[in-house]
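Coordinates from upload_7.cif are shown below (mmCIF, C-alpha atoms and all ligand atoms).
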```cif
data_entry
loop_
_atom_site.label_atom_id
_atom_site.label_comp_id
_atom_site.auth_asym_id
_atom_site.auth_seq_id
_atom_site.Cartn_x
_atom_site.Cartn_y
_atom_site.Cartn_z
CA MET A 1 6.03 57.45 -33.34
CA ASP A 2 6.35 55.80 -36.74
CA ARG A 3 8.76 53.01 -36.07
CA LEU A 4 8.78 50.39 -33.35
CA THR A 5 11.29 47.63 -32.71
CA LEU A 6 10.19 44.66 -30.62
CA ARG A 7 11.80 41.49 -29.45
CA ARG A 8 10.66 38.86 -31.90
CA PRO A 9 7.14 37.80 -30.81
CA ASP A 10 5.76 34.40 -29.90
CA ASP A 11 2.26 33.06 -30.37
CA TRP A 12 1.16 31.28 -27.20
CA HIS A 13 -1.87 29.60 -28.80
CA LEU A 14 -1.91 28.52 -32.43
CA HIS A 15 -3.64 25.96 -34.65
CA LEU A 16 -1.37 24.69 -37.40
CA ARG A 17 -3.46 21.66 -38.44
CA ASP A 18 -1.69 19.02 -40.50
CA GLY A 19 -0.94 17.98 -44.08
CA ALA A 20 -1.66 20.43 -46.88
CA MET A 21 -3.38 22.93 -44.58
CA MET A 22 -0.38 23.01 -42.27
CA ARG A 23 2.02 23.54 -45.12
CA ALA A 24 -0.10 26.46 -46.36
CA VAL A 25 -0.56 28.26 -43.02
CA LEU A 26 2.82 27.64 -41.40
CA PRO A 27 4.71 30.38 -43.32
CA GLU A 28 2.07 32.90 -42.21
CA THR A 29 3.26 32.33 -38.64
CA THR A 30 6.98 31.73 -39.16
CA ARG A 31 7.31 35.04 -41.02
CA HIS A 32 6.97 37.02 -37.78
CA PHE A 33 6.90 34.63 -34.84
CA ALA A 34 9.85 32.77 -33.34
CA ARG A 35 7.85 30.19 -31.39
CA ALA A 36 4.28 29.08 -30.99
CA ILE A 37 2.38 26.86 -28.63
CA VAL A 38 0.88 24.40 -31.09
CA MET A 39 -2.58 23.16 -30.25
CA PRO A 40 -3.09 19.39 -30.24
CA ASN A 41 -6.68 19.27 -31.55
CA LEU A 42 -5.92 17.29 -34.67
CA VAL A 43 -8.17 14.45 -35.77
CA PRO A 44 -7.23 12.21 -34.01
CA PRO A 45 -5.73 14.44 -31.30
CA VAL A 46 -2.10 14.55 -30.15
CA VAL A 47 -2.36 12.54 -26.95
CA THR A 48 0.94 10.75 -26.39
CA GLY A 49 4.56 11.80 -26.35
CA ARG A 50 5.02 9.83 -29.50
CA ASP A 51 2.17 11.68 -31.27
CA ALA A 52 3.76 14.98 -30.23
CA ALA A 53 7.21 13.99 -31.50
CA GLU A 54 5.81 12.90 -34.84
CA TYR A 55 3.68 16.03 -35.22
CA ARG A 56 6.65 18.23 -34.30
CA ASP A 57 8.74 16.54 -36.97
CA ARG A 58 6.05 17.10 -39.59
CA ILE A 59 5.97 20.78 -38.67
CA LEU A 60 9.74 21.09 -38.76
CA SER A 61 9.94 19.51 -42.18
CA ALA A 62 7.26 21.89 -43.52
CA LYS A 63 9.05 24.96 -42.18
CA PRO A 64 10.24 27.47 -44.80
CA LYS A 65 13.97 27.22 -45.55
CA GLY A 66 16.12 29.29 -43.23
CA SER A 67 13.35 29.79 -40.66
CA LYS A 68 14.39 29.25 -37.04
CA PHE A 69 10.79 28.83 -35.92
CA ARG A 70 10.35 26.50 -32.95
CA PRO A 71 7.02 24.75 -32.43
CA LEU A 72 6.29 24.28 -28.73
CA MET A 73 4.31 21.10 -28.49
CA THR A 74 1.34 20.26 -26.28
CA LEU A 75 -0.50 17.10 -25.34
CA TYR A 76 -4.24 16.83 -25.44
CA LEU A 77 -5.35 15.76 -21.97
CA THR A 78 -7.78 12.84 -21.95
CA GLU A 79 -9.15 10.71 -19.16
CA GLU A 80 -6.69 8.04 -20.34
CA THR A 81 -3.55 10.19 -20.30
CA GLU A 82 -0.74 8.29 -18.57
CA VAL A 83 1.38 10.06 -16.00
CA ARG A 84 4.49 8.17 -17.09
CA ASP A 85 4.18 9.13 -20.72
CA LEU A 86 3.46 12.74 -19.91
CA ARG A 87 6.37 13.04 -17.48
CA ALA A 88 8.76 11.45 -19.94
CA ALA A 89 7.69 13.90 -22.65
CA ALA A 90 8.12 16.82 -20.26
CA ASP A 91 11.53 15.58 -19.02
CA ILE A 92 13.06 15.59 -22.47
CA GLY A 93 11.57 18.99 -23.32
CA LEU A 94 9.32 17.50 -25.99
CA ILE A 95 6.23 19.23 -24.61
CA THR A 96 5.84 22.70 -23.18
CA ALA A 97 2.29 22.41 -21.88
CA VAL A 98 -0.77 20.19 -21.64
CA LYS A 99 -4.12 21.21 -23.03
CA LEU A 100 -7.41 20.72 -21.25
CA TYR A 101 -10.56 20.77 -23.32
CA PRO A 102 -13.84 20.12 -21.58
CA ALA A 103 -15.38 17.46 -23.84
CA GLY A 104 -17.35 19.10 -26.64
CA ALA A 105 -16.33 22.69 -25.88
CA THR A 106 -14.82 23.55 -29.25
CA THR A 107 -13.55 22.24 -32.59
CA ASN A 108 -12.29 18.64 -32.31
CA SER A 109 -12.74 18.42 -28.54
CA ALA A 110 -14.77 15.22 -28.37
CA SER A 111 -11.92 13.35 -26.63
CA GLY A 112 -11.70 16.00 -23.92
CA VAL A 113 -12.33 15.60 -20.21
CA ARG A 114 -15.79 14.77 -18.83
CA ASP A 115 -14.94 13.64 -15.32
CA PHE A 116 -12.30 15.83 -13.71
CA THR A 117 -11.54 13.31 -10.95
CA LYS A 118 -10.08 11.09 -13.69
CA VAL A 119 -7.32 13.58 -14.49
CA ARG A 120 -6.50 14.57 -10.93
CA ARG A 121 -3.33 12.51 -10.68
CA VAL A 122 -2.03 13.89 -13.96
CA LEU A 123 -2.70 17.43 -12.79
CA GLU A 124 -0.97 16.77 -9.47
CA ASN A 125 2.09 15.56 -11.33
CA MET A 126 2.03 18.63 -13.54
CA ALA A 127 1.93 20.86 -10.47
CA GLN A 128 4.93 18.99 -9.06
CA ILE A 129 7.08 19.48 -12.14
CA GLY A 130 5.74 22.94 -13.00
CA LEU A 131 4.30 21.89 -16.38
CA PRO A 132 1.64 24.44 -17.37
CA LEU A 133 -1.94 23.53 -18.17
CA CYS A 134 -3.58 25.43 -21.03
CA VAL A 135 -7.31 25.54 -20.54
CA HIS A 136 -10.22 26.07 -22.90
CA GLY A 137 -12.38 27.78 -20.31
CA GLU A 138 -15.97 27.10 -21.23
CA VAL A 139 -18.49 24.74 -19.68
CA THR A 140 -20.33 22.56 -22.14
CA ASP A 141 -23.58 22.15 -20.22
CA PRO A 142 -26.36 22.77 -22.77
CA GLU A 143 -28.34 24.48 -20.01
CA ILE A 144 -25.79 27.29 -19.85
CA ASP A 145 -26.17 30.09 -22.34
CA ILE A 146 -23.24 30.21 -24.77
CA PHE A 147 -22.45 33.79 -23.74
CA ASP A 148 -22.18 32.73 -20.08
CA ARG A 149 -20.06 29.63 -20.54
CA GLU A 150 -16.72 31.22 -19.74
CA ALA A 151 -17.88 32.87 -16.53
CA ALA A 152 -19.58 29.63 -15.45
CA PHE A 153 -16.40 27.68 -16.14
CA ILE A 154 -14.39 29.83 -13.75
CA GLU A 155 -16.78 29.25 -10.91
CA ARG A 156 -17.69 25.62 -11.54
CA VAL A 157 -14.48 24.12 -12.89
CA LEU A 158 -11.38 26.30 -12.91
CA ASP A 159 -11.46 27.70 -9.42
CA PRO A 160 -12.27 24.31 -7.81
CA ILE A 161 -9.39 22.65 -9.73
CA ARG A 162 -6.95 25.34 -8.66
CA ARG A 163 -8.02 25.05 -5.03
CA ASP A 164 -7.76 21.29 -5.21
CA ILE A 165 -4.32 21.27 -6.79
CA PRO A 166 -2.27 24.12 -5.37
CA GLY A 167 0.75 25.04 -7.43
CA LEU A 168 -0.84 23.97 -10.72
CA ARG A 169 0.18 26.59 -13.28
CA VAL A 170 -2.72 27.48 -15.55
CA ILE A 171 -3.12 29.55 -18.68
CA MET A 172 -6.72 30.49 -19.22
CA GLU A 173 -6.75 30.71 -22.95
CA HIS A 174 -8.45 33.15 -25.29
CA VAL A 175 -10.27 35.01 -22.51
CA THR A 176 -13.34 36.86 -23.74
CA THR A 177 -14.96 38.35 -20.63
CA SER A 178 -14.25 40.88 -17.93
CA ASP A 179 -15.03 38.05 -15.49
CA ALA A 180 -12.00 36.12 -16.75
CA VAL A 181 -9.82 39.23 -16.77
CA ASP A 182 -10.73 39.95 -13.15
CA TYR A 183 -10.18 36.35 -12.10
CA VAL A 184 -6.74 36.19 -13.73
CA ARG A 185 -5.70 39.60 -12.48
CA SER A 186 -6.41 38.68 -8.89
CA GLY A 187 -5.33 35.06 -9.18
CA GLY A 188 -1.66 35.20 -8.15
CA ASP A 189 1.46 33.97 -9.90
CA ASP A 190 0.18 30.58 -11.00
CA ILE A 191 -2.40 31.86 -13.45
CA ALA A 192 -2.13 33.83 -16.66
CA ALA A 193 -4.30 34.37 -19.72
CA THR A 194 -3.85 34.59 -23.44
CA ILE A 195 -5.87 37.06 -25.47
CA THR A 196 -6.50 36.66 -29.19
CA THR A 197 -6.18 39.32 -31.84
CA HIS A 198 -9.77 39.02 -32.97
CA HIS A 199 -11.28 39.33 -29.50
CA LEU A 200 -9.52 42.68 -29.15
CA VAL A 201 -11.32 43.88 -32.27
CA ILE A 202 -14.80 42.38 -32.55
CA ASN A 203 -17.80 42.15 -30.30
CA ARG A 204 -20.90 40.06 -30.88
CA ASN A 205 -22.51 42.71 -33.07
CA HIS A 206 -19.82 42.09 -35.64
CA ILE A 207 -21.04 38.51 -35.95
CA LEU A 208 -24.76 39.09 -35.86
CA ALA A 209 -25.88 42.62 -36.67
CA GLY A 210 -26.94 43.38 -40.25
CA GLY A 211 -26.43 39.83 -41.50
CA ILE A 212 -24.57 36.83 -40.16
CA ARG A 213 -20.82 36.89 -40.66
CA PRO A 214 -19.41 33.40 -40.41
CA HIS A 215 -15.80 34.57 -40.63
CA TYR A 216 -16.24 36.26 -37.24
CA TYR A 217 -17.66 33.15 -35.62
CA CYS A 218 -15.19 31.49 -33.28
CA LEU A 219 -15.13 29.92 -29.86
CA PRO A 220 -15.34 31.24 -27.30
CA VAL A 221 -17.82 33.43 -29.15
CA ALA A 222 -17.14 37.18 -28.97
CA LYS A 223 -19.10 38.87 -26.19
CA ARG A 224 -20.63 42.33 -25.76
CA GLU A 225 -18.62 45.53 -26.18
CA SER A 226 -17.95 46.08 -22.47
CA HIS A 227 -16.10 42.76 -22.40
CA ARG A 228 -14.05 43.63 -25.47
CA ARG A 229 -13.00 46.82 -23.75
CA ALA A 230 -11.93 44.91 -20.67
CA LEU A 231 -9.75 42.72 -22.90
CA VAL A 232 -8.15 45.74 -24.56
CA GLN A 233 -7.52 47.24 -21.15
CA ALA A 234 -5.89 44.03 -19.91
CA ALA A 235 -3.74 43.53 -23.01
CA THR A 236 -2.54 47.11 -23.16
CA SER A 237 -1.99 47.50 -19.41
CA GLY A 238 1.40 45.82 -19.41
CA ASP A 239 0.16 43.43 -16.69
CA ALA A 240 2.44 40.39 -16.98
CA SER A 241 -0.51 38.01 -16.57
CA PHE A 242 -1.74 38.72 -20.10
CA PHE A 243 -0.05 37.82 -23.37
CA LEU A 244 -0.77 37.07 -27.01
CA GLY A 245 -2.22 33.76 -28.12
CA THR A 246 -3.73 34.41 -31.53
CA ASP A 247 -5.82 31.23 -31.64
CA SER A 248 -5.43 31.59 -35.38
CA ALA A 249 -7.63 28.70 -36.51
CA PRO A 250 -7.75 28.09 -40.26
CA HIS A 251 -10.79 26.55 -41.90
CA THR A 252 -11.47 26.60 -45.61
CA ASP A 253 -14.19 28.96 -46.77
CA ALA A 254 -16.23 25.91 -47.73
CA ALA A 255 -16.11 24.71 -44.12
CA LYS A 256 -16.99 28.13 -42.71
CA LEU A 257 -19.73 29.08 -45.16
CA GLN A 258 -22.37 26.44 -44.71
CA ALA A 259 -25.51 25.82 -42.71
CA CYS A 260 -23.42 24.62 -39.76
CA GLY A 261 -20.13 26.45 -40.23
CA CYS A 262 -16.88 25.79 -38.36
CA ALA A 263 -15.66 28.06 -35.57
CA GLY A 264 -12.38 29.91 -35.94
CA CYS A 265 -10.75 33.12 -37.15
CA PHE A 266 -7.56 33.02 -39.19
CA THR A 267 -5.33 35.85 -37.99
CA ALA A 268 -1.75 34.60 -38.43
CA THR A 269 -1.21 36.74 -41.51
CA ASN A 270 -2.11 40.19 -40.20
CA THR A 271 -1.99 39.87 -36.42
CA LEU A 272 0.93 42.20 -35.77
CA SER A 273 -0.49 45.01 -37.90
CA ILE A 274 -3.82 44.70 -36.11
CA LEU A 275 -2.25 44.62 -32.66
CA ALA A 276 -0.17 47.71 -33.39
CA GLU A 277 -3.34 49.52 -34.44
CA VAL A 278 -5.18 48.45 -31.27
CA PHE A 279 -2.30 49.41 -29.00
CA GLU A 280 -1.82 52.72 -30.77
CA ALA A 281 -5.49 53.59 -30.37
CA ALA A 282 -5.15 52.81 -26.65
CA GLY A 283 -2.05 55.03 -26.39
CA ALA A 284 -0.05 51.97 -25.38
CA LEU A 285 2.39 51.23 -28.22
CA ASP A 286 5.16 51.16 -25.63
CA ARG A 287 3.46 48.15 -24.04
CA LEU A 288 3.00 46.12 -27.22
CA GLU A 289 6.30 44.31 -26.72
CA ALA A 290 5.31 43.12 -23.26
CA PHE A 291 2.15 41.59 -24.72
CA THR A 292 3.70 39.98 -27.81
CA SER A 293 7.21 39.12 -26.68
CA LEU A 294 7.95 39.37 -22.94
CA ASN A 295 5.06 38.31 -20.72
CA GLY A 296 4.57 34.93 -22.38
CA PRO A 297 8.17 33.72 -21.99
CA ALA A 298 8.17 34.98 -18.41
CA PHE A 299 5.14 32.87 -17.50
CA TYR A 300 6.39 29.83 -19.40
CA ARG A 301 9.84 30.30 -17.80
CA LEU A 302 11.52 30.43 -21.18
CA PRO A 303 14.08 32.95 -22.43
CA VAL A 304 12.84 35.82 -24.57
CA ASN A 305 13.81 35.59 -28.22
CA ASP A 306 17.13 36.91 -29.45
CA GLY A 307 16.02 38.64 -32.61
CA THR A 308 13.78 41.64 -33.16
CA ILE A 309 11.18 42.79 -35.64
CA THR A 310 10.51 46.36 -36.68
CA LEU A 311 7.09 47.81 -37.35
CA GLU A 312 6.76 50.89 -39.50
CA ARG A 313 3.81 53.24 -39.72
CA GLY A 314 2.84 54.45 -43.14
CA ASP A 315 -0.03 54.67 -45.56
CA SER A 316 -2.54 51.91 -45.33
CA VAL A 317 -1.25 48.36 -45.30
CA THR A 318 -3.22 45.71 -47.09
CA TYR A 319 -3.24 41.95 -46.85
CA PRO A 320 -4.64 39.31 -49.13
CA ALA A 321 -8.31 38.58 -48.41
CA ALA A 322 -7.52 34.87 -48.34
CA ILE A 323 -4.61 32.51 -48.57
CA ASP A 324 -4.65 29.58 -50.95
CA THR A 325 -4.41 26.04 -49.76
CA GLU A 326 -4.73 22.75 -51.63
CA ASP A 327 -8.05 22.32 -49.83
CA GLY A 328 -9.37 25.72 -50.93
CA PRO A 329 -9.08 29.35 -49.80
CA VAL A 330 -8.82 30.33 -46.13
CA THR A 331 -10.15 33.82 -45.49
CA VAL A 332 -7.85 36.13 -43.54
CA PHE A 333 -9.52 37.89 -40.60
CA ASP A 334 -10.83 41.31 -41.65
CA PRO A 335 -10.33 43.74 -38.76
CA GLY A 336 -12.82 46.15 -40.35
CA MET A 337 -10.54 49.13 -39.90
CA PRO A 338 -7.66 50.61 -41.85
CA LEU A 339 -4.24 49.28 -40.84
CA HIS A 340 -1.12 51.42 -40.94
CA TRP A 341 1.64 49.38 -39.34
CA ARG A 342 3.62 46.92 -41.40
CA VAL A 343 6.32 44.53 -40.31
CA ARG A 344 9.49 45.43 -42.15
CA ASP A 345 11.00 42.48 -44.03
N1 LIG B 1 -11.71 28.19 -31.31
N2 LIG B 1 -11.75 27.24 -33.42
C1 LIG B 1 -10.80 26.32 -33.09
C2 LIG B 1 -10.27 26.31 -31.86
C3 LIG B 1 -10.53 27.46 -31.02
O1 LIG B 1 -11.25 27.16 -28.82
C4 LIG B 1 -10.28 27.25 -29.59
O2 LIG B 1 -9.12 27.16 -29.21
C5 LIG B 1 -10.37 25.39 -34.11
O3 LIG B 1 -10.87 25.52 -35.23
O4 LIG B 1 -9.52 24.53 -33.84
C6 LIG B 1 -12.23 28.14 -32.52
O5 LIG B 1 -13.15 28.90 -32.82
ZN ZN B 2 -10.10 26.91 -27.06
ZN ZN B 3 -7.52 27.48 -30.11
#
```
Could you show the structure in this file as structure tokens?
Amino acid sequence: MDRLTLRRPDDWHLHLRDGAMMRAVLPETTRHFARAIVMPNLVPPVVTGRDAAEYRDRILSAKPKGSKFRPLMTLYLTEETEVRDLRAAADIGLITAVKLYPAGATTNSASGVRDFTKVRRVLENMAQIGLPLCVHGEVTDPEIDIFDREAAFIERVLDPIRRDIPGLRVIMEHVTTSDAVDYVRSGGDDIAATITTHHLVINRNHILAGGIRPHYYCLPVAKRESHRRALVQAATSGDASFFLGTDSAPHTDAAKLQACGCAGCFTATNTLSILAEVFEAAGALDRLEAFTSLNGPAFYRLPVNDGTITLERGDSVTYPAAIDTEDGPVTVFDPGMPLHWRVRD
């Protein structure tokens, strides 16, 4: 096969940032993706309906001319989130999901939830109206080893919440372990998972062996190879519980390359080429569309996109090593393997 036409994809987990950075990275997503779930971890975070409306408008006005891209907005759940505000935002279609960060789990998550009893009423309301909860699934307990934080989260936090609030629809985001894959696979219709591009490609050796590679450092941190394989298996299986959320998270090189560097991989630019390579290697190119374009809308109860994109296989495809922003260069994720599939313009 050397040509593949897919329904136009969506990105079910994306960081667009704000200001100059947003204007620089937005075209990297709108080029190929019709919609994206836009993460609310700005500084300060997007916590009210009004914040979300204003952020959406800033994104829309930065959109390249002619692009039909639709940002799907989220609210950042805090212990102060008001049911009324959240329901009003959901009623008018302003928000597509709510995001739960355990306080301190990842970049800009300080306002996240510490005491889960404080958000119970909000979660109950979300279950009632079918508004999905996107979850950063890591515990933040310093006693728990960073490589075990996802598995511990399932047992200590996620499963108890789901038992407590039946009908709550949850997306476990950027899963990195076979534990999460197994949990989601056996979890019924109310749970799904996003998988990033980079976690399908790297394991923890890529970050740490033979020198430290800050551009591969992200959260949740990549795990051992057996987990990466479980992710590839899940993504390429066609199982409707798994779909693409790139978690493309731009930081300038200056912010990444320092004694305490920021977490995040920037994959918006080359994600589709990388995914095609991964799916081809798994003998599953015929299931790429389910992962990028069908399973996500099905879980979110949204229509699939009208348009299509076509991928073509040829000689090696190259991408810029970095994109320029007013704040400095942002390095594009290096998959460390030759790419052959390009998205036809
Ligand atoms: N992970 N970086 C960021 C967010 C994600 O956990 C995430 O969703 C970020 O920079 O916003 C990262 O490594
Ligand atoms: Zn996260
Ligand atoms: Zn993220």
Worksheet entry | Counting all atoms listed in the file, the option among A:Arg17, A:Arg149, A:Arg31, A:His227 closest to ligand ZN 3 (chain B) |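 Among the listed residues, A:Arg17 lies closest to ligand ZN 3 (chain B).
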Worksheet item: Quick one: residues within 7 Å of Gly245 of chain A, only C-alpha atoms counted, chain neighbours fewer than 5 positions away excluded, as a PyMOL selection string?
Response: chain A and resi 11-14+174+194-196
Discussion item. Could you tell me how far atom CA of Phe153 of chain A sits from atom CA of Glu138 of chain A, in Å to one decimal place?
Written reply: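 The value is 5.1 Å.
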Discussion item. Taking all atoms listed in the file into account, list the residues no farther than 7 Å from ligand ZN 2 (chain B), as a PyMOL selection string.
Written reply: chain A and resi 106+136+173-174+219-220
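The closest residue to Ile59 of chain A, picked from A:Val47, A:Leu26, A:Ala180, A:Leu75 and counting only C-alpha atoms, is A:Leu26.
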Practice prompt. For each of A:Leu272, A:Leu60, A:Val332, A:Cys265, take the minimum atom-to-atom distance to Ser293 of chain A, counting all atoms listed in the file, then give the residue where this is smallest.
Written response: A:Leu272
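Remark: for ligand LIG 1 (chain B), the closest of the candidate residues A:Leu200, A:Ala209, A:Ala254, A:Ala263 is A:Ala263 (distances computed over all atoms listed in the file).
Separating atom CA of Ala151 of chain A from atom CA of Asp179 of chain A is a distance of 6.0 Å.
The space separating atom CA of Arg229 of chain A from atom C1 of ligand LIG 1 (chain B) comes to 22.6 Å.
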I'd like the box whose edges run along x, y and z of the file and which contains every listed atom of ligand LIG 1 (chain B), padded by 6 Å per side; could you state its centre and edge lengths in Å, one decimal, as AutoDock Vina command-line options?
```
--center_x -11.1 --center_y 26.7 --center_z -32.0 --size_x 16.0 --size_y 16.4 --size_z 18.4
```
Fill in: Shell of 10 Å around segment 314-321 of chain A, only C-alpha atoms, local chain residues under 4 positions omitted, as a ChimeraX atom specification
/A:2-3,269-270,273,329-334,338-343
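Between Asp239 of chain A and the candidates A:Gly336, A:Gly66, A:Pro27, A:Gly296, the tightest atom-to-atom separation, counting only C-alpha atoms, involves A:Gly296.
Considering only C-alpha atoms, the residue among A:Arg162, A:Leu294, A:Ala284, A:Ala255 positioned nearest to Ala127 of chain A is A:Arg162.
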Fill in: Selection near Ile191 of chain A, 7 Å with only C-alpha atoms, sequence-local residues under 3 positions removed, as a list in words
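Counting only the stated atoms, we get Arg169, Val170, Ile171, Val184, Gly187 and Gly188 of chain A.
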Fill in: Arg121 of chain A surroundings by all atoms listed in the file, 10 Å radius, close-in-sequence under 5 positions cut, as a count of residues only
6
Item to complete: Fewer than 3 positions away in the same chain doesn't count, so skip those; otherwise give me all residues within 9 Å of segment 78-80 of chain A, counting all atoms listed in the file, as an MDAnalysis selection string.
Response: chainID A and resid 47 100:101 111:119
